[in-house]
Amino acid sequence: MDIRNRVADVIKLNCHACQDFLKMIITEDWQYNFYNRTKKEIENNGKYKEKFIVAYEKMRDFGTENYSVDDMDMTLVSSIVHGCKDLAPTNLKTRICIEKLIEDRNTLHHVNENEDDEELYLISLLNLCNLKKFIECVDKFEIQIDDIVRLEYRKKYSKKIKDLKCIIDNERIDLIYKNNIINRDIQSVLDCKSEDERNKKWCDIYKIYMDRYMKVEKNYNEFNKFMIRASDFGIKEAHSSAADYFFYKRNYVEGERRLYLIYSSYEVIPKHIVESILYNINKYLCDGNELTKGMDNLITFIIQQGNVVLKNEDGKYFLKKNK
């Protein structure tokens, strides 16, 4: 289960629905007319130049007659619907619906590692609702298309939307269940009355998640999710793993924030935790970045706690071992 796989499925379904719609309305001799339109837009620096240029280059490379609707992405389909009404005549309501699909597609295309998984499921479900509205709009208002053809189009994509929505709903329910279990386990650590009890409870729960997701299922994403959530709840033992994850994903802002959570969680940072901090700072430098002011300050704080931090010839930091 990975919401980003579902996001890709939603984007793909939107694209196919738009392509199939365009095939139903576009004129028979559209290829040469479209080529001339793209050429004119590019030569005159027209409104649709940037959106037409890729199609123009493909037609130049492979021949106008070999260019098909299947070569188009959603943005180009929308641009043809809006900018080439003689080639693809449509109802205003349909054009409004397809604009909404483009907005949804842009939102889904720009997701990153910061979004909550449940939020992405909800965004995906909302997009499917808008896609359903588009399909129904085509059936209702694009009456120049033969009724039987419209009906088949509606039936085909209504089923695809329903099937994908069912998958997303089931995965979202499973996600909520797993998140509730994680929250319950973390809360059981926070509810401990003594430090010894808390340490034992954390070790027991950590072992359960380690054994299940790292050793048995090899589901590293679920283990990382647990550690990040534990860090979010203030479990100091989880901050280092959370920092490792964000530096691995090159989300350096969040990674640096987790390093400071480590620093603020200890009166004196243990040596192995110091090494973990320096490891991530070195990884950041190895990725071709310059040391941030925050990281420089963090190294200073580590030194002020009595650690001897040295720099090797490669500019990487390491902790001097006591003899």
# chains A, B, ... in the order shown; residues from 1 in each chain; ligands from 1
call {"tool": "residues_around", "arguments": {"residues": "Ile98 of chain A", "least_positions_apart": "4", "cutoff": "12 Å", "atoms": "only C-alpha atoms", "output": "NGL selection string"}}
result
:A and (14-15 or 17-19 or 21-22 or 74-82 or 90-94 or 102-105 or 127 or 130-138)
call {"tool": "closest_residue", "arguments": {"among": "A:Leu175, A:Leu128, A:Met227, A:Cys203", "to": "Lys160 of chain A", "atoms": "only C-alpha atoms"}}
result
A:Leu128
call {"tool": "closest_residue", "arguments": {"among": "A:Ile302, A:Cys129, A:Ile3, A:Ile145", "to": "Ser158 of chain A", "atoms": "only C-alpha atoms"}}
result
A:Cys129
call {"tool": "closest_residue", "arguments": {"among": "A:Asn183, A:Lys40, A:Tyr248, A:Tyr48", "to": "Gly83 of chain A", "atoms": "only C-alpha atoms"}}
result
A:Tyr48
call {"tool": "closest_residue", "arguments": {"among": "A:Tyr206, A:Phe34, A:Tyr317, A:Tyr177", "to": "Ala230 of chain A", "atoms": "only C-alpha atoms"}}
result
A:Tyr206
